[in-house]
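**Q** A single structure is presented below for examination.
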Amino acid sequence: MELALSADDEAFRDEVRAFIADNYPAEMRVPNPETDLTKEQSLLWHRILHKKGWIAPLWPKEYGGPGWTVTQRFIFEQETSRAGTLPPLAFSVTMVGPVIYTFGNEAQKKKFLPRILSGEDWWCQGYSEPGSGSDLATVRTKAVREGDHYVVNGHKTWTTLAQHADWIFCLVRTDPNAKPQSGISFLLIDMKSPGVTVRPIITIDGSHEVNDVFLEDVRVPVDNLVGEENKGWTYAKFLLGNERTSMAGIGRSTRYLRKLKQIVKAEIPADDPAHLGFLRDIARVELDVLALEATELRVVAQMARGIDPGPAASLFKIRGTEIFQDITELTHRAIGNYGLAIREHPVSDNHFMPGPDYGHTASEKYLNARKLSIYGGSNEIQRNIIAKAVLGL
């Protein structure tokens with residue numbers, strides 16, 4: 001199923017493809033850009049897109065967005081994903097930015113939005129806590145008001161790339177006596193504030209991507225409260241809707257499927273009985289990708305007519321993450337013994353890795369992809385949402 005593009009949209013697609021080919025930095029084309037790049041390297045493409053005016057496809061034009069149609073936004077997401085470009089800072093552009101321009105006051109918009117667009121401020125997300133992951137209504141980090149400040153104490157965990165962050169947006173409990181969802185506020189905290197401590201969590205693939213963030217008597221100006229006190233649950237749900245809608249990952253899955261086919265062809269002889277089994281598994285995943293893409297195209301068509309996709313975001317999250325996990329698992333199986341080696345972090349130019357280049361990161365991708373069905377609201381929680389909101393169970 002393909003989206004029928006107008007002549008203008010086809011021209012836009014060609015423009016996007018040409019711009020990526022001509023401008024994406026060569027130094028960012030590394031096996032695992034999420035963990036292999038320095039902070040400054042990670043910002044190179046962000047700044048190029050900002051200069052072009054393409055950094056925030058979802059944003060209204062009045063706040064610095066490009067003013068694209070729904071179809072143009074879809075085209076841009078597909079083309080950048082298929083090309084394997086590192087996305088703009090998601091926690092900044094896709095998540096906290098829309099919360100600020102939708103619910104924030106004018107002073108907050110003026111202060112934060114330009115710096116989000118330019119990449120001057122790198123944001124991280126302070127949602128999950130020990131014991132409060134998918135069930136965010138149980139967050140225990142407290143914010144007690146003292147005059148013109150909140151005093152914040154708590155512990156956030158699995159905080160992605162907090163080691164690079166300038167700011168963190170946090171869910172904090174401001175009314176311990178209210179019902180769980182009713183006593184939460186949305187607070188913006190400077191990571192340089194006294195009392196903020198970041199400690200790395202090294203994940204199973206050996207990378208430093210996530211962190212613990214400890215908040216001990218951190219004083220946060222009341223001016224950094226977004227919206228109304230104790231209304232943070234509303235803003236959190238709005239943000240998660242944006243996050244989950246971007247998780248279909250059709251372009252990424254298509255790109256990794258293409259690589260998987262090349263690996264199977266190179267590593268498994270055609271007369272090996274396992275070869276047919278891999279082809280069968282690949283065909284099954286390809287059908288899953290096509291089915292999800294058809295669903296995504298239907299939603300794009302609905303959004304173009306002004307129809308809210310509603311719980312479709314949960315469907316994209318479930319199927320998009322499961323499909324990518326299947327692809328990374330098949331790839332890990334296909335590389336055979338090369339999958340026993342995992343690179344050291346940080347990468348050393350003198351560190352020898354046996355086997356072909358494609359075998360050097362397949363194990364890391366497989367291991368790292370295990371998290372996909374957990375973060376952003378676990379797939380079990382998303383199924384509950386669909387059961388309640390769609391099926392009425």
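Ordering of the structure tokens sets the chain letters (A, B, ...), residue numbers begin anew at 1 in every chain, and ligands are numbered from 1 in the order given.
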Report as a PyMOL selection string all protein, DNA and RNA residues lying within 10 Å of segment 269-279 of chain A, evaluated on only C-alpha atoms, omitting residues in the same chain fewer than 5 positions from it.
**A** chain A and resi 260-261+264+284-285+330-331+333-334
**Q** Go ahead and write the residues just picked, all heavy atoms, as a JSON list (two decimals), in the first residue's frame.
**A**
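Result file part_30.json:
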[["chain", "number", "residue", "atom", "x", "y", "z"],
["A", 260, "LEU", "N", 19.34, -7.34, 6.93],
["A", 260, "LEU", "CA", 19.19, -8.74, 7.33],
["A", 260, "LEU", "C", 19.24, -9.66, 6.11],
["A", 260, "LEU", "O", 19.89, -10.72, 6.15],
["A", 260, "LEU", "CB", 17.86, -8.92, 8.07],
["A", 260, "LEU", "CG", 17.42, -10.36, 8.37],
["A", 260, "LEU", "CD1", 18.46, -11.09, 9.21],
["A", 260, "LEU", "CD2", 16.06, -10.35, 9.09],
["A", 261, "LYS", "N", 18.59, -9.28, 5.03],
["A", 261, "LYS", "CA", 18.63, -10.11, 3.82],
["A", 261, "LYS", "C", 20.05, -10.26, 3.30],
["A", 261, "LYS", "O", 20.45, -11.35, 2.86],
["A", 261, "LYS", "CB", 17.74, -9.48, 2.74],
["A", 261, "LYS", "CG", 16.25, -9.53, 3.04],
["A", 261, "LYS", "CD", 15.47, -8.86, 1.92],
["A", 261, "LYS", "CE", 13.99, -8.86, 2.19],
["A", 261, "LYS", "NZ", 13.23, -8.18, 1.12],
["A", 264, "VAL", "N", 21.90, -12.78, 5.60],
["A", 264, "VAL", "CA", 21.48, -14.17, 5.36],
["A", 264, "VAL", "C", 22.09, -14.69, 4.07],
["A", 264, "VAL", "O", 22.59, -15.82, 4.01],
["A", 264, "VAL", "CB", 19.94, -14.26, 5.32],
["A", 264, "VAL", "CG1", 19.50, -15.63, 4.82],
["A", 264, "VAL", "CG2", 19.36, -14.00, 6.71],
["A", 284, "ARG", "N", 7.59, -13.30, 6.84],
["A", 284, "ARG", "CA", 6.57, -13.04, 7.85],
["A", 284, "ARG", "C", 6.72, -11.63, 8.43],
["A", 284, "ARG", "O", 5.74, -10.90, 8.58],
["A", 284, "ARG", "CB", 6.66, -14.08, 8.97],
["A", 284, "ARG", "CG", 5.74, -13.80, 10.16],
["A", 284, "ARG", "CD", 5.90, -14.85, 11.24],
["A", 284, "ARG", "NE", 7.29, -15.00, 11.66],
["A", 284, "ARG", "CZ", 7.91, -14.17, 12.49],
["A", 284, "ARG", "NH1", 7.27, -13.11, 12.97],
["A", 284, "ARG", "NH2", 9.16, -14.38, 12.83],
["A", 285, "VAL", "N", 7.98, -11.25, 8.74],
["A", 285, "VAL", "CA", 8.20, -9.92, 9.30],
["A", 285, "VAL", "C", 7.90, -8.84, 8.27],
["A", 285, "VAL", "O", 7.35, -7.78, 8.60],
["A", 285, "VAL", "CB", 9.65, -9.79, 9.83],
["A", 285, "VAL", "CG1", 9.91, -8.38, 10.33],
["A", 285, "VAL", "CG2", 9.90, -10.79, 10.94],
["A", 330, "LEU", "N", 16.41, -11.99, 14.54],
["A", 330, "LEU", "CA", 16.77, -12.75, 13.35],
["A", 330, "LEU", "C", 18.19, -12.41, 12.89],
["A", 330, "LEU", "O", 18.95, -13.28, 12.48],
["A", 330, "LEU", "CB", 15.77, -12.45, 12.22],
["A", 330, "LEU", "CG", 14.40, -13.12, 12.33],
["A", 330, "LEU", "CD1", 13.44, -12.56, 11.30],
["A", 330, "LEU", "CD2", 14.53, -14.64, 12.17],
["A", 331, "THR", "N", 18.54, -11.13, 12.96],
["A", 331, "THR", "CA", 19.88, -10.71, 12.56],
["A", 331, "THR", "C", 20.93, -11.32, 13.48],
["A", 331, "THR", "O", 21.98, -11.80, 13.01],
["A", 331, "THR", "CB", 19.99, -9.17, 12.60],
["A", 331, "THR", "OG1", 18.96, -8.60, 11.78],
["A", 331, "THR", "CG2", 21.35, -8.70, 12.10],
["A", 333, "ARG", "N", 20.70, -14.08, 15.11],
["A", 333, "ARG", "CA", 20.81, -15.51, 14.79],
["A", 333, "ARG", "C", 21.59, -15.72, 13.50],
["A", 333, "ARG", "O", 22.40, -16.65, 13.39],
["A", 333, "ARG", "CB", 19.41, -16.11, 14.64],
["A", 333, "ARG", "CG", 18.69, -16.38, 15.96],
["A", 333, "ARG", "CD", 17.24, -16.75, 15.72],
["A", 333, "ARG", "NE", 17.10, -17.74, 14.64],
["A", 333, "ARG", "CZ", 15.96, -17.97, 14.00],
["A", 333, "ARG", "NH1", 14.87, -17.28, 14.32],
["A", 333, "ARG", "NH2", 15.91, -18.88, 13.05],
["A", 334, "ALA", "N", 21.39, -14.85, 12.53],
["A", 334, "ALA", "CA", 22.00, -15.05, 11.21],
["A", 334, "ALA", "C", 23.51, -14.87, 11.23],
["A", 334, "ALA", "O", 24.21, -15.49, 10.43],
["A", 334, "ALA", "CB", 21.38, -14.08, 10.21]]
**Q** For segment 70-151 of chain A versus segment 181-204 of chain A, which residues have an atom no more than 12 Å away, and what is each residue's nearest atom pair and distance in Å rounded to one decimal, using only C-alpha atoms, chain-then-number order, as CSV?
**A**
residue,atom,partner,partner_atom,distance
A:Ser92,CA,A:Leu188,CA,11.9
A:Val96,CA,A:Leu188,CA,9.3
A:Gly97,CA,A:Leu188,CA,11.5
A:Val99,CA,A:Phe186,CA,9.6
A:Ile100,CA,A:Leu188,CA,9.9
A:Phe103,CA,A:Phe186,CA,10.3
A:Gly104,CA,A:Phe186,CA,10.2
A:Gln108,CA,A:Leu188,CA,9.9
A:Lys111,CA,A:Leu188,CA,11.9
A:Phe112,CA,A:Leu188,CA,10.1
A:Asp121,CA,A:Asp190,CA,10.1
A:Trp122,CA,A:Met191,CA,10.0
A:Trp123,CA,A:Met191,CA,9.2
A:Cys124,CA,A:Met191,CA,9.4
A:Gln125,CA,A:Leu188,CA,9.9
A:Gly126,CA,A:Leu187,CA,9.4
A:Tyr127,CA,A:Phe186,CA,9.9
A:Asp135,CA,A:Gln181,CA,10.3
A:Leu136,CA,A:Gln181,CA,8.6
A:Ala137,CA,A:Gln181,CA,5.2
A:Thr138,CA,A:Gln181,CA,8.0
A:Val139,CA,A:Ile184,CA,8.1
A:Arg140,CA,A:Ile184,CA,9.4
A:Thr141,CA,A:Ile184,CA,9.5
A:Lys142,CA,A:Ile184,CA,9.1
A:Ala143,CA,A:Ser185,CA,8.6
A:Val144,CA,A:Ser185,CA,11.0
A:Arg145,CA,A:Ser185,CA,11.8
A:His149,CA,A:Leu187,CA,11.2
A:Tyr150,CA,A:Leu187,CA,9.3
A:Val151,CA,A:Gly195,CA,10.2
**Q** Using only C-alpha atoms, which protein or nucleic acid residues come within 12 Å of Arg370 of chain A? Drop anything in the same chain fewer than 3 positions from it, and give the result as a list in words.
**A**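 In the requested form, the answer reads Thr203, Ile204, Asp205, Thr321, Glu322, Ile323, Phe324, Gln325, Asp326, Ile327, Thr328, Glu329, Ser363, Glu364, Lys365, Tyr366, Leu367, Ser373, Ile374, Tyr375, Ser378 and Asn379 of chain A.
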**Q** Kindly give the distance, in Å, that separates atom CA of Trp68 of chain A and atom CA of Tyr24 of chain A, rounded to a single decimal.
**A**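 Answer for the atom CA of Trp68 of chain A to atom CA of Tyr24 of chain A separation: 21.1 Å.
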**Q** Please provide as a count of residues only all residues within 8 Å of segment 251-255 of chain A, with the sequence filter that same-chain residues fewer than 2 positions apart are discarded (counting only C-alpha atoms).
**A** 15
**Q** I need the residue nearest Ser128 of chain A from this list: A:His155, A:Lys52, A:Lys317, A:His208. Use only C-alpha atoms for the distance.
**A** A:His155
**Q** For the strand (DSSP E or B) assignment from backbone DSSP, which residues of segment 39-175 of chain A qualify? Please present them as number ranges by chain.
**A** A: 123-126, 129, 132, 142-146, 149-156, 167-173
**Q** Grab the residues selected above and save them as an mmCIF file, in the first residue's frame with N, CA, C and O atoms.
**A**
data_model
loop_
_atom_site.group_PDB
_atom_site.id
_atom_site.type_symbol
_atom_site.label_atom_id
_atom_site.label_comp_id
_atom_site.auth_asym_id
_atom_site.auth_seq_id
_atom_site.Cartn_x
_atom_site.Cartn_y
_atom_site.Cartn_z
ATOM 1 N N TRP A 123 17.488 18.349 26.550
ATOM 2 C CA TRP A 123 16.542 17.953 27.588
ATOM 3 C C TRP A 123 16.529 16.450 27.785
ATOM 4 O O TRP A 123 16.764 15.672 26.851
ATOM 5 N N CYS A 124 16.243 16.038 29.016
ATOM 6 C CA CYS A 124 15.978 14.631 29.308
ATOM 7 C C CYS A 124 14.650 14.537 30.056
ATOM 8 O O CYS A 124 14.082 15.547 30.477
ATOM 9 N N GLN A 125 14.155 13.322 30.204
ATOM 10 C CA GLN A 125 12.814 13.086 30.731
ATOM 11 C C GLN A 125 12.862 12.472 32.121
ATOM 12 O O GLN A 125 13.429 11.394 32.310
ATOM 13 N N GLY A 126 12.272 13.148 33.080
ATOM 14 C CA GLY A 126 12.222 12.648 34.455
ATOM 15 C C GLY A 126 10.854 12.087 34.793
ATOM 16 O O GLY A 126 10.095 12.703 35.549
ATOM 17 N N GLU A 129 10.535 6.114 37.891
ATOM 18 C CA GLU A 129 11.195 6.020 39.190
ATOM 19 C C GLU A 129 11.272 4.549 39.574
ATOM 20 O O GLU A 129 10.544 3.716 39.012
ATOM 21 N N SER A 132 7.959 2.972 39.868
ATOM 22 C CA SER A 132 6.978 3.767 39.121
ATOM 23 C C SER A 132 7.456 3.907 37.688
ATOM 24 O O SER A 132 8.101 4.897 37.322
ATOM 25 N N LYS A 142 8.898 14.280 45.427
ATOM 26 C CA LYS A 142 8.069 15.325 46.040
ATOM 27 C C LYS A 142 8.597 16.722 45.709
ATOM 28 O O LYS A 142 9.805 16.938 45.642
ATOM 29 N N ALA A 143 7.662 17.638 45.530
ATOM 30 C CA ALA A 143 8.004 19.048 45.364
ATOM 31 C C ALA A 143 7.171 19.845 46.361
ATOM 32 O O ALA A 143 5.944 19.902 46.253
ATOM 33 N N VAL A 144 7.832 20.428 47.342
ATOM 34 C CA VAL A 144 7.155 21.182 48.401
ATOM 35 C C VAL A 144 7.416 22.667 48.176
ATOM 36 O O VAL A 144 8.572 23.097 48.062
ATOM 37 N N ARG A 145 6.345 23.440 48.122
ATOM 38 C CA ARG A 145 6.528 24.860 47.840
ATOM 39 C C ARG A 145 7.000 25.608 49.074
ATOM 40 O O ARG A 145 6.438 25.465 50.166
ATOM 41 N N GLU A 146 8.059 26.418 48.874
ATOM 42 C CA GLU A 146 8.571 27.318 49.894
ATOM 43 C C GLU A 146 8.760 28.683 49.253
ATOM 44 O O GLU A 146 9.759 28.932 48.570
ATOM 45 N N HIS A 149 9.837 29.137 45.404
ATOM 46 C CA HIS A 149 10.524 27.942 44.919
ATOM 47 C C HIS A 149 9.779 26.680 45.354
ATOM 48 O O HIS A 149 9.026 26.684 46.330
ATOM 49 N N TYR A 150 10.017 25.622 44.600
ATOM 50 C CA TYR A 150 9.690 24.274 45.048
ATOM 51 C C TYR A 150 10.990 23.618 45.508
ATOM 52 O O TYR A 150 12.044 23.784 44.873
ATOM 53 N N VAL A 151 10.926 22.857 46.592
ATOM 54 C CA VAL A 151 12.066 22.065 47.039
ATOM 55 C C VAL A 151 11.763 20.619 46.651
ATOM 56 O O VAL A 151 10.789 20.023 47.125
ATOM 57 N N VAL A 152 12.603 20.071 45.784
ATOM 58 C CA VAL A 152 12.331 18.773 45.172
ATOM 59 C C VAL A 152 13.268 17.719 45.742
ATOM 60 O O VAL A 152 14.491 17.910 45.816
ATOM 61 N N ASN A 153 12.686 16.584 46.122
ATOM 62 C CA ASN A 153 13.451 15.434 46.590
ATOM 63 C C ASN A 153 12.891 14.165 45.956
ATOM 64 O O ASN A 153 11.676 13.939 45.980
ATOM 65 N N GLY A 154 13.792 13.362 45.374
ATOM 66 C CA GLY A 154 13.334 12.119 44.766
ATOM 67 C C GLY A 154 14.416 11.468 43.924
ATOM 68 O O GLY A 154 15.579 11.882 43.933
ATOM 69 N N HIS A 155 14.008 10.446 43.198
ATOM 70 C CA HIS A 155 14.942 9.621 42.442
ATOM 71 C C HIS A 155 14.268 9.219 41.132
ATOM 72 O O HIS A 155 13.249 8.526 41.132
ATOM 73 N N LYS A 156 14.825 9.668 40.012
ATOM 74 C CA LYS A 156 14.371 9.266 38.688
ATOM 75 C C LYS A 156 15.353 8.249 38.114
ATOM 76 O O LYS A 156 16.562 8.315 38.392
ATOM 77 N N TRP A 167 18.697 20.356 30.877
ATOM 78 C CA TRP A 167 17.441 20.478 31.604
ATOM 79 C C TRP A 167 16.749 19.124 31.664
ATOM 80 O O TRP A 167 16.985 18.265 30.810
ATOM 81 N N ILE A 168 15.895 18.969 32.673
ATOM 82 C CA ILE A 168 15.077 17.769 32.800
ATOM 83 C C ILE A 168 13.636 18.204 33.096
ATOM 84 O O ILE A 168 13.410 19.100 33.903
ATOM 85 N N PHE A 169 12.683 17.614 32.378
ATOM 86 C CA PHE A 169 11.274 17.868 32.722
ATOM 87 C C PHE A 169 10.791 16.702 33.576
ATOM 88 O O PHE A 169 10.974 15.539 33.238
ATOM 89 N N CYS A 170 10.208 17.033 34.710
ATOM 90 C CA CYS A 170 9.913 16.029 35.737
ATOM 91 C C CYS A 170 8.432 16.020 36.113
ATOM 92 O O CYS A 170 7.794 17.075 36.195
ATOM 93 N N LEU A 171 7.944 14.817 36.373
ATOM 94 C CA LEU A 171 6.678 14.665 37.078
ATOM 95 C C LEU A 171 6.996 14.609 38.565
ATOM 96 O O LEU A 171 7.809 13.783 39.000
ATOM 97 N N VAL A 172 6.378 15.491 39.326
ATOM 98 C CA VAL A 172 6.633 15.565 40.773
ATOM 99 C C VAL A 172 5.294 15.594 41.500
ATOM 100 O O VAL A 172 4.287 16.085 40.983
ATOM 101 N N ARG A 173 5.304 15.077 42.720
ATOM 102 C CA ARG A 173 4.073 15.057 43.511
ATOM 103 C C ARG A 173 4.014 16.314 44.367
ATOM 104 O O ARG A 173 4.855 16.541 45.229
#
**Q** What does the structure give for the distance between atom CA of Glu228 of chain A and atom CA of Ile116 of chain A, in Å to one decimal?
**A**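 Going from atom CA of Glu228 of chain A over to atom CA of Ile116 of chain A covers 22.1 Å.
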**Q** Taking only segment 179-280 of chain A into account, list the residues labelled helix (DSSP H, G or I) by DSSP (computed from the backbone), as a ChimeraX atom specification.
**A** /A:180-183,222-224,232-245,250-267,273-280
**Q** Pick the closest to Ile263 of chain A from A:Tyr101, A:Tyr358, A:Trp45, A:Phe91: which is it, counting only C-alpha atoms?
**A**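 Of A:Tyr101, A:Tyr358, A:Trp45, A:Phe91, the one nearest Ile263 of chain A, counting only C-alpha atoms, is A:Tyr358.
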**Q** Kindly provide the residues of segment 71-172 of chain A that approach segment 291-313 of chain A to within 12 Å, each paired with its closest atom pair and their distance in Å to one decimal, based on only C-alpha atoms, listed by chain and increasing number, as JSON lines.
**A**
{"residue": "A:Thr71", "atom": "CA", "partner": "A:Val300", "partner_atom": "CA", "distance": 6.9}
{"residue": "A:Gln72", "atom": "CA", "partner": "A:Ala304", "partner_atom": "CA", "distance": 10.2}
{"residue": "A:Arg73", "atom": "CA", "partner": "A:Val300", "partner_atom": "CA", "distance": 9.5}
{"residue": "A:Phe74", "atom": "CA", "partner": "A:Val300", "partner_atom": "CA", "distance": 7.3}
{"residue": "A:Ile75", "atom": "CA", "partner": "A:Val300", "partner_atom": "CA", "distance": 10.4}
{"residue": "A:Glu77", "atom": "CA", "partner": "A:Val300", "partner_atom": "CA", "distance": 11.9}
{"residue": "A:Gln78", "atom": "CA", "partner": "A:Glu293", "partner_atom": "CA", "distance": 10.5}
